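Asks: My questions will all concern the structure given below.
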Amino acid sequence: MYDFVKARESSARTYANAIDTVIERGHLAQVFDTSGREYLDCLSCAGTLATGHNHPQVQQKVIEFLQSGHVAQALDITTPTKYRFLQKLLECLPPDFARHVRFQSCGPSGADAVEAALKLFKTATGRRTVLAFHGAYHGMTAGTLALTGNLTAKRHVASLMPDVHFLPYPYAYRCPFGVGGERAEDISLAYIERMLSDPESGITQPAAMIVEAVQGEGGVIPASARWLRGLRDITARLDIPLIIDEIQTGFGRTGDMFAFEHAGIEPDAIVISKAVGGGYPLSLLLYHEKYDTWQAGAHAGTFRGNQIAMVAGAAALEVIQSEQLVARARAHGEKLGAALRGLAERQPVIGDVRGRGLMWGVEIVRPGAAADALGSRPADGGLARAIKKRCLANGLIIETGGRHSAVLRLLPPLVITEAQLDEAMDKLERSIREALQS
């Protein structure tokens with residue numbers, strides 16, 4: 001079965017190149033292949049499955065809906081399902097943001113929400129320039145790919161969206177300024193402010209700035225609350241709308257309902273997808289009402305009224321609240337972070353451990369290579385891929401990302417148990433040892 005699909009599928013496929021088995025069933029944090037073999041899923045569909053595979057409460061709500069006779073798709077027409085979903089979504093938003101929020105239902109993917117944000121703020125401001133950050137990932141459509149830092153997918157694609165400018169992100173382990181710590185944050189903020197204030201910077205007044213509070217595909221790089229507050233202050237003073245990309249981090253992933261709440265800031269917009277659909281395709285742009293200046297039909301999409309996703313999404317948000325999964329992610333994240341740092345002390349191939357909640361990155365390096373002035377050693381993407389392969393063989397599903405694909409990324413469902421976290425750590429350490437011996 002695997003070979004049949006592989007022989008006919010596009011060469012652009014990604015996850016299936018590393019997960020060379022046929023996944024059939026899933027329950028919460030576990031999945032099973034067609035041979036009945038069990039895996040602990042610490043990828044959870046790139047963070048989509050906050051409540052895990054086939055959570056009983058979510059599954060039951062979907063079954064009831066499918067048997068109800070209600071419409072399954074509704075464009076942007078009002079339905080009882082849409083009403084209930086939006087009520088539940090508003091409960092999850094920070095109160096000040098919720099008080100002035102407008103929403104745009106978008107197409108199935110997070111990239112659609114980012115594209116909508118670009119159109120909205122270009123319309124509202126009359127400007128064209130957009131600011132993004134080194135290491136960013138915002139999607140694979142033409143506009144979002146232009147905002148994405150990784151060069152692999154961009155290299156052979158002509159005519160991406162123009163007037164995108166990239167800024168340094170506070171990556172402590174590989175500091176773009178070579179200084180690290182709070183000094184690097186200060187330099188970063190000073191650079192951004194002076195560039196935006198310089199009449200000869202070559203960059204016109206931006207329509208918007210988009211940033212991830214924790215970079216995901218870029219290698220699980222958290223921005224400090226201090227830096228995010230500084231960024232919000234600059235953009236507010238210079239009248240630059242700030243968009244926070246919460247597609248991977250939203251709804252409890254980082255130990256807060258939204259990752260930006262860690263900094264106590266209020267953005268002008270957030271883009272959400274993944275967990276908000278309860279495992280089904282859904283994305284939304286949420287923004288301050290003062291920017292609601294576009295005309296009817298300025299942004300649309302056939303599947304923006306995915307009723308099944310709204311049912312599943314509302315159910316998943318109820319589970320996140322009733323099972324206190326945000327606080328649980330925070331507590332489990334502290335345990336997981338401590339375990340990973342302990343593992344780094346035993347395994348010198350681990351150069352850096354970073355993350356928040358249940359979103360962690362382990363950067364794999366060449367320990368015998370010369371370190372830079374900050375003590376950082378060269379990334380070893382080959383070894384990271386070998387470790388990932390051994391993890392799969394040992395029944396653990398993880399992913400790689402970041403520079404040179406050298407970061408092992410752990411994004412387990414928020415429903416993962418403490419015992420399963422211990423199991424994941426045992427399998428990860430065993431896999432590192434095996435990869436080093438091979």
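Ordering of the structure tokens sets the chain letters (A, B, ...); residue numbers start at 1 within each chain; ligands are numbered from 1 in the order shown.
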Could you give me, as CSV, every segment 106-132 of chain A residue with an atom at most 10 Å from segment 217-241 of chain A, plus its closest atom pair and distance in Å to one decimal, counting only C-alpha atoms, rows ordered by chain then number?

Replies:
residue,atom,partner,partner_atom,distance
A:Phe121,CA,A:Pro241,CA,7.5
A:Ala124,CA,A:Pro241,CA,9.9
A:Thr125,CA,A:Pro241,CA,8.9
A:Val130,CA,A:Ile240,CA,9.6
A:Leu131,CA,A:Ile240,CA,9.7

Asks: Save out the residues we just selected, N, CA and C atoms, as an mmCIF file, in the first residue's frame.

Replies:
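Saved result, selection.cif, follows:
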data_model
loop_
_atom_site.group_PDB
_atom_site.id
_atom_site.type_symbol
_atom_site.label_atom_id
_atom_site.label_comp_id
_atom_site.auth_asym_id
_atom_site.auth_seq_id
_atom_site.Cartn_x
_atom_site.Cartn_y
_atom_site.Cartn_z
ATOM 1 N N PHE A 121 -5.022 44.377 5.388
ATOM 2 C CA PHE A 121 -4.221 45.502 5.849
ATOM 3 C C PHE A 121 -3.670 46.345 4.708
ATOM 4 N N ALA A 124 -6.799 48.444 4.128
ATOM 5 C CA ALA A 124 -7.093 49.395 5.204
ATOM 6 C C ALA A 124 -6.081 50.527 5.279
ATOM 7 N N THR A 125 -4.812 50.238 4.969
ATOM 8 C CA THR A 125 -3.768 51.252 5.106
ATOM 9 C C THR A 125 -3.429 51.941 3.791
ATOM 10 N N VAL A 130 5.242 44.735 3.433
ATOM 11 C CA VAL A 130 4.962 43.852 4.569
ATOM 12 C C VAL A 130 6.298 43.430 5.183
ATOM 13 N N LEU A 131 6.345 43.415 6.501
ATOM 14 C CA LEU A 131 7.543 43.017 7.229
ATOM 15 C C LEU A 131 7.341 41.631 7.831
#

Asks: Just list as an MDAnalysis selection string whatever in segment 155-352 of chain A DSSP marks as strand (DSSP E or B).

Replies: chainID A and resid 164:167 206:211 214:215 221:222 242:245 269:272 284:288 306 350:352

Asks: So which one's closest to Tyr191 of chain A, A:Tyr169, A:Ala369, A:Arg99, A:Lys427? Using only C-alpha atoms, please.

Replies: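 Smallest separation from Tyr191 of chain A among the options: A:Tyr169.
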
Asks: Counting only C-alpha atoms, what is within 12 Å of Gly357 of chain A, bar same-chain residues fewer than 4 positions away, as an NGL selection string?

Replies: :A and (214 or 220 or 222 or 249-259 or 262 or 325-338 or 361 or 410-414)

Asks: When distances are computed from only C-alpha atoms, which of A:Gly342, A:Gly277, A:Gly402, A:Pro267 shows the smallest separation from Ala315 of chain A?

Replies: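 The shortest atom-to-atom distance to Ala315 of chain A comes from A:Gly277.
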
Asks: Return the single residue from A:Ala72, A:Val164, A:Val5, A:Leu40 that is closest to Gln205 of chain A, with distances computed using only C-alpha atoms.

Replies: A:Val164

Asks: Hey, what's within 10 Å of segment 382-388 of chain A if we count only C-alpha atoms and toss same-chain stuff fewer than 4 positions away? As a CSV table (one decimal) with C-alpha atoms, in the first residue's frame, please?

Replies:
chain,number,residue,atom,x,y,z
A,18,ALA,CA,10.2,9.9,6.8
A,19,ILE,CA,7.1,8.0,8.0
A,349,VAL,CA,25.0,16.2,20.3
A,350,ILE,CA,22.2,18.3,21.7
A,362,VAL,CA,16.0,20.0,20.4
A,363,GLU,CA,18.8,21.3,18.1
A,364,ILE,CA,21.3,18.6,17.0
A,365,VAL,CA,24.9,19.7,16.5
A,366,ARG,CA,28.3,18.3,15.8
A,392,LEU,CA,9.9,5.9,14.2
A,393,ALA,CA,11.5,2.4,14.5
A,394,ASN,CA,11.1,2.7,18.3
A,396,LEU,CA,7.8,7.5,18.4
A,397,ILE,CA,6.7,10.0,15.8
A,398,ILE,CA,8.5,13.4,15.8
A,399,GLU,CA,9.5,15.8,13.1
A,400,THR,CA,12.5,17.9,12.2
A,401,GLY,CA,12.7,21.6,11.3
A,404,HIS,CA,19.4,22.6,8.0
A,405,SER,CA,16.5,20.5,9.4
A,406,ALA,CA,18.6,20.0,12.5
A,407,VAL,CA,15.9,20.6,15.1
A,408,LEU,CA,13.9,17.7,16.5
A,409,ARG,CA,10.4,19.0,17.1
A,428,LEU,CA,14.0,9.6,22.3
A,429,GLU,CA,17.1,9.0,24.3
A,430,ARG,CA,17.3,5.4,23.1
A,431,SER,CA,17.0,6.6,19.5
A,432,ILE,CA,19.8,9.2,19.9
A,433,ARG,CA,22.1,6.4,21.2
A,434,GLU,CA,21.2,4.1,18.4
A,435,ALA,CA,21.7,6.8,15.8
A,436,LEU,CA,25.1,7.6,17.2
A,438,SER,CA,25.0,3.3,13.5

Asks: Go ahead and compute the interatomic distance for atom CA of Thr144 of chain A and atom CA of Ile192 of chain A, in Å to one decimal.

Replies: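 Distance between the two atoms: 21.4 Å.
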
Asks: Nearest to His27 of chain A among A:Ser10, A:Thr48, A:Gln59, A:Ser159, with distances taken over only C-alpha atoms: which residue is it?

Replies: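 Smallest distance to His27 of chain A is found for A:Gln59.
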
Asks: Could you work out how far atom CA of Ser273 of chain A lies from atom CA of Ala309 of chain A, giving the answer in Å with one decimal?

Replies: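 Between these atoms lies a distance of 10.6 Å.
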
Asks: For Ala116 of chain A, which residue among A:Lys61, A:Lys82, A:His299, A:Arg377 is the nearest when counting only C-alpha atoms?

Replies: A:His299

Asks: Tell me, as a count of residues only, which residues lie within 8 Å of Ser109 of chain A, counting only C-alpha atoms; anything in the same chain fewer than 3 positions away does not count.

Replies: 8

Asks: With distances taken over only C-alpha atoms, which residue among A:Thr81, A:Ala208, A:Glu266, A:Gly69 lies nearest Leu93 of chain A?

Replies: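 That would be A:Glu266, the residue with the smallest distance to Leu93 of chain A.
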
Asks: Report, in Å to a single decimal, how far apart atom CA of Ala117 of chain A and atom CA of Ala296 of chain A are.

Replies: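 Distance between the two atoms: 15.3 Å.
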
Asks: DSSP on the backbone: which residues in segment 326-405 of chain A end up as alpha helix (DSSP H)? Give the answer as a VMD selection string.

Replies: chain A and resid 326 to 346 381 to 393

Asks: Quick one: write out the picked residues with N, CA and C atoms as a JSON list (two decimals), in the first residue's frame?

Replies:
[["chain", "number", "residue", "atom", "x", "y", "z"],
["A", 326, "VAL", "N", -4.95, 23.85, 28.86],
["A", 326, "VAL", "CA", -3.95, 24.92, 28.78],
["A", 326, "VAL", "C", -3.03, 24.83, 29.99],
["A", 327, "ALA", "N", -3.61, 24.75, 31.18],
["A", 327, "ALA", "CA", -2.80, 24.62, 32.40],
["A", 327, "ALA", "C", -2.03, 23.30, 32.39],
["A", 328, "ARG", "N", -2.65, 22.28, 31.85],
["A", 328, "ARG", "CA", -1.98, 20.97, 31.77],
["A", 328, "ARG", "C", -0.78, 21.03, 30.83],
["A", 329, "ALA", "N", -0.93, 21.74, 29.71],
["A", 329, "ALA", "CA", 0.20, 21.90, 28.79],
["A", 329, "ALA", "C", 1.34, 22.65, 29.45],
["A", 330, "ARG", "N", 0.99, 23.64, 30.26],
["A", 330, "ARG", "CA", 2.03, 24.40, 30.96],
["A", 330, "ARG", "C", 2.78, 23.51, 31.95],
["A", 331, "ALA", "N", 2.04, 22.74, 32.73],
["A", 331, "ALA", "CA", 2.66, 21.87, 33.73],
["A", 331, "ALA", "C", 3.48, 20.76, 33.07],
["A", 332, "HIS", "N", 2.90, 20.12, 32.06],
["A", 332, "HIS", "CA", 3.62, 19.06, 31.36],
["A", 332, "HIS", "C", 4.83, 19.63, 30.61],
["A", 333, "GLY", "N", 4.70, 20.88, 30.15],
["A", 333, "GLY", "CA", 5.81, 21.50, 29.46],
["A", 333, "GLY", "C", 7.01, 21.72, 30.38],
["A", 334, "GLU", "N", 6.74, 22.08, 31.62],
["A", 334, "GLU", "CA", 7.84, 22.24, 32.58],
["A", 334, "GLU", "C", 8.55, 20.92, 32.81],
["A", 335, "LYS", "N", 7.78, 19.85, 32.90],
["A", 335, "LYS", "CA", 8.36, 18.53, 33.09],
["A", 335, "LYS", "C", 9.15, 18.09, 31.86],
["A", 336, "LEU", "N", 8.56, 18.31, 30.69],
["A", 336, "LEU", "CA", 9.23, 17.90, 29.46],
["A", 336, "LEU", "C", 10.49, 18.72, 29.23],
["A", 337, "GLY", "N", 10.43, 20.02, 29.49],
["A", 337, "GLY", "CA", 11.61, 20.85, 29.33],
["A", 337, "GLY", "C", 12.74, 20.42, 30.25],
["A", 338, "ALA", "N", 12.41, 20.12, 31.49],
["A", 338, "ALA", "CA", 13.44, 19.66, 32.43],
["A", 338, "ALA", "C", 14.04, 18.34, 31.97],
["A", 339, "ALA", "N", 13.21, 17.44, 31.47],
["A", 339, "ALA", "CA", 13.71, 16.14, 31.00],
["A", 339, "ALA", "C", 14.61, 16.31, 29.79],
["A", 340, "LEU", "N", 14.24, 17.21, 28.89],
["A", 340, "LEU", "CA", 15.06, 17.43, 27.70],
["A", 340, "LEU", "C", 16.39, 18.09, 28.06],
["A", 341, "ARG", "N", 16.37, 19.00, 28.99],
["A", 341, "ARG", "CA", 17.63, 19.61, 29.42],
["A", 341, "ARG", "C", 18.53, 18.60, 30.10],
["A", 342, "GLY", "N", 17.93, 17.68, 30.86],
["A", 342, "GLY", "CA", 18.72, 16.60, 31.45],
["A", 342, "GLY", "C", 19.32, 15.71, 30.38],
["A", 343, "LEU", "N", 18.55, 15.43, 29.35],
["A", 343, "LEU", "CA", 19.05, 14.63, 28.24],
["A", 343, "LEU", "C", 20.20, 15.34, 27.54],
["A", 344, "ALA", "N", 20.11, 16.66, 27.40],
["A", 344, "ALA", "CA", 21.19, 17.43, 26.77],
["A", 344, "ALA", "C", 22.49, 17.33, 27.55],
["A", 345, "GLU", "N", 22.38, 17.23, 28.86],
["A", 345, "GLU", "CA", 23.59, 17.10, 29.68],
["A", 345, "GLU", "C", 24.27, 15.75, 29.45],
["A", 346, "ARG", "N", 23.48, 14.75, 29.10],
["A", 346, "ARG", "CA", 24.04, 13.41, 28.86],
["A", 346, "ARG", "C", 24.45, 13.20, 27.40],
["A", 381, "GLY", "N", 22.10, 18.33, 10.44],
["A", 381, "GLY", "CA", 20.82, 17.87, 9.94],
["A", 381, "GLY", "C", 20.80, 16.38, 9.63],
["A", 382, "GLY", "N", 21.93, 15.84, 9.17],
["A", 382, "GLY", "CA", 22.00, 14.42, 8.86],
["A", 382, "GLY", "C", 21.76, 13.56, 10.08],
["A", 383, "LEU", "N", 22.39, 13.93, 11.20],
["A", 383, "LEU", "CA", 22.20, 13.17, 12.44],
["A", 383, "LEU", "C", 20.77, 13.34, 12.95],
["A", 384, "ALA", "N", 20.21, 14.55, 12.83],
["A", 384, "ALA", "CA", 18.83, 14.76, 13.26],
["A", 384, "ALA", "C", 17.88, 13.86, 12.49],
["A", 385, "ARG", "N", 18.09, 13.73, 11.19],
["A", 385, "ARG", "CA", 17.23, 12.85, 10.39],
["A", 385, "ARG", "C", 17.41, 11.39, 10.79],
["A", 386, "ALA", "N", 18.63, 11.01, 11.11],
["A", 386, "ALA", "CA", 18.89, 9.63, 11.55],
["A", 386, "ALA", "C", 18.19, 9.35, 12.88],
["A", 387, "ILE", "N", 18.20, 10.33, 13.78],
["A", 387, "ILE", "CA", 17.51, 10.17, 15.07],
["A", 387, "ILE", "C", 16.01, 10.05, 14.84],
["A", 388, "LYS", "N", 15.48, 10.89, 13.97],
["A", 388, "LYS", "CA", 14.04, 10.82, 13.66],
["A", 388, "LYS", "C", 13.67, 9.44, 13.12],
["A", 389, "LYS", "N", 14.51, 8.89, 12.28],
["A", 389, "LYS", "CA", 14.26, 7.57, 11.72],
["A", 389, "LYS", "C", 14.28, 6.50, 12.80],
["A", 390, "ARG", "N", 15.23, 6.60, 13.72],
["A", 390, "ARG", "CA", 15.29, 5.62, 14.82],
["A", 390, "ARG", "C", 14.09, 5.80, 15.75],
["A", 391, "CYS", "N", 13.63, 7.04, 15.94],
["A", 391, "CYS", "CA", 12.44, 7.26, 16.75],
["A", 391, "CYS", "C", 11.25, 6.51, 16.18],
["A", 392, "LEU", "N", 11.06, 6.59, 14.86],
["A", 392, "LEU", "CA", 9.95, 5.87, 14.24],
["A", 392, "LEU", "C", 10.08, 4.39, 14.46],
["A", 393, "ALA", "N", 11.28, 3.85, 14.30],
["A", 393, "ALA", "CA", 11.52, 2.43, 14.51],
["A", 393, "ALA", "C", 11.21, 2.02, 15.95]]

Asks: Which polymer residues have any atom within 10 Å of an atom of Ala98 of chain A, counting only C-alpha atoms, with same-chain residues fewer than 5 positions away left out, as a PDB file with N, CA and C atoms, in the first residue's frame?

Replies:
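What follows is the written file around-v9.pdb:
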ATOM      1  N   LEU A  89     -15.641  30.356  20.352  1.00  0.00           N
ATOM      2  CA  LEU A  89     -14.369  30.983  20.002  1.00  0.00           C
ATOM      3  C   LEU A  89     -14.165  32.286  20.772  1.00  0.00           C
ATOM      4  N   LEU A  90     -15.219  33.099  20.868  1.00  0.00           N
ATOM      5  CA  LEU A  90     -15.111  34.370  21.594  1.00  0.00           C
ATOM      6  C   LEU A  90     -14.754  34.149  23.062  1.00  0.00           C
ATOM      7  N   GLU A  91     -15.232  33.064  23.650  1.00  0.00           N
ATOM      8  CA  GLU A  91     -14.905  32.747  25.041  1.00  0.00           C
ATOM      9  C   GLU A  91     -13.410  32.519  25.236  1.00  0.00           C
ATOM     10  N   CYS A  92     -12.738  32.062  24.178  1.00  0.00           N
ATOM     11  CA  CYS A  92     -11.323  31.709  24.276  1.00  0.00           C
ATOM     12  C   CYS A  92     -10.392  32.891  24.035  1.00  0.00           C
ATOM     13  N   LEU A  93     -10.921  33.982  23.482  1.00  0.00           N
ATOM     14  CA  LEU A  93     -10.079  35.127  23.142  1.00  0.00           C
ATOM     15  C   LEU A  93      -9.827  35.993  24.373  1.00  0.00           C
ATOM     16  N   LEU A 286      -8.785  37.045  12.595  1.00  0.00           N
ATOM     17  CA  LEU A 286      -9.456  37.826  13.637  1.00  0.00           C
ATOM     18  C   LEU A 286      -8.732  39.168  13.749  1.00  0.00           C
ATOM     19  N   TYR A 287      -9.477  40.265  13.718  1.00  0.00           N
ATOM     20  CA  TYR A 287      -8.817  41.561  13.673  1.00  0.00           C
ATOM     21  C   TYR A 287      -9.676  42.635  14.334  1.00  0.00           C
ATOM     22  N   HIS A 288      -9.027  43.749  14.658  1.00  0.00           N
ATOM     23  CA  HIS A 288      -9.723  44.869  15.299  1.00  0.00           C
ATOM     24  C   HIS A 288     -10.702  45.503  14.322  1.00  0.00           C
TER      25      HIS A 288
END

Asks: Determine, counting only C-alpha atoms, which protein, DNA and RNA residues have an atom within 12 Å of an atom of Ala12 of chain A; residues of the same chain fewer than 4 positions away are not included. Present the result as an MDAnalysis selection string.

Replies: chainID A and resid 6 8 16:17 140 152:153
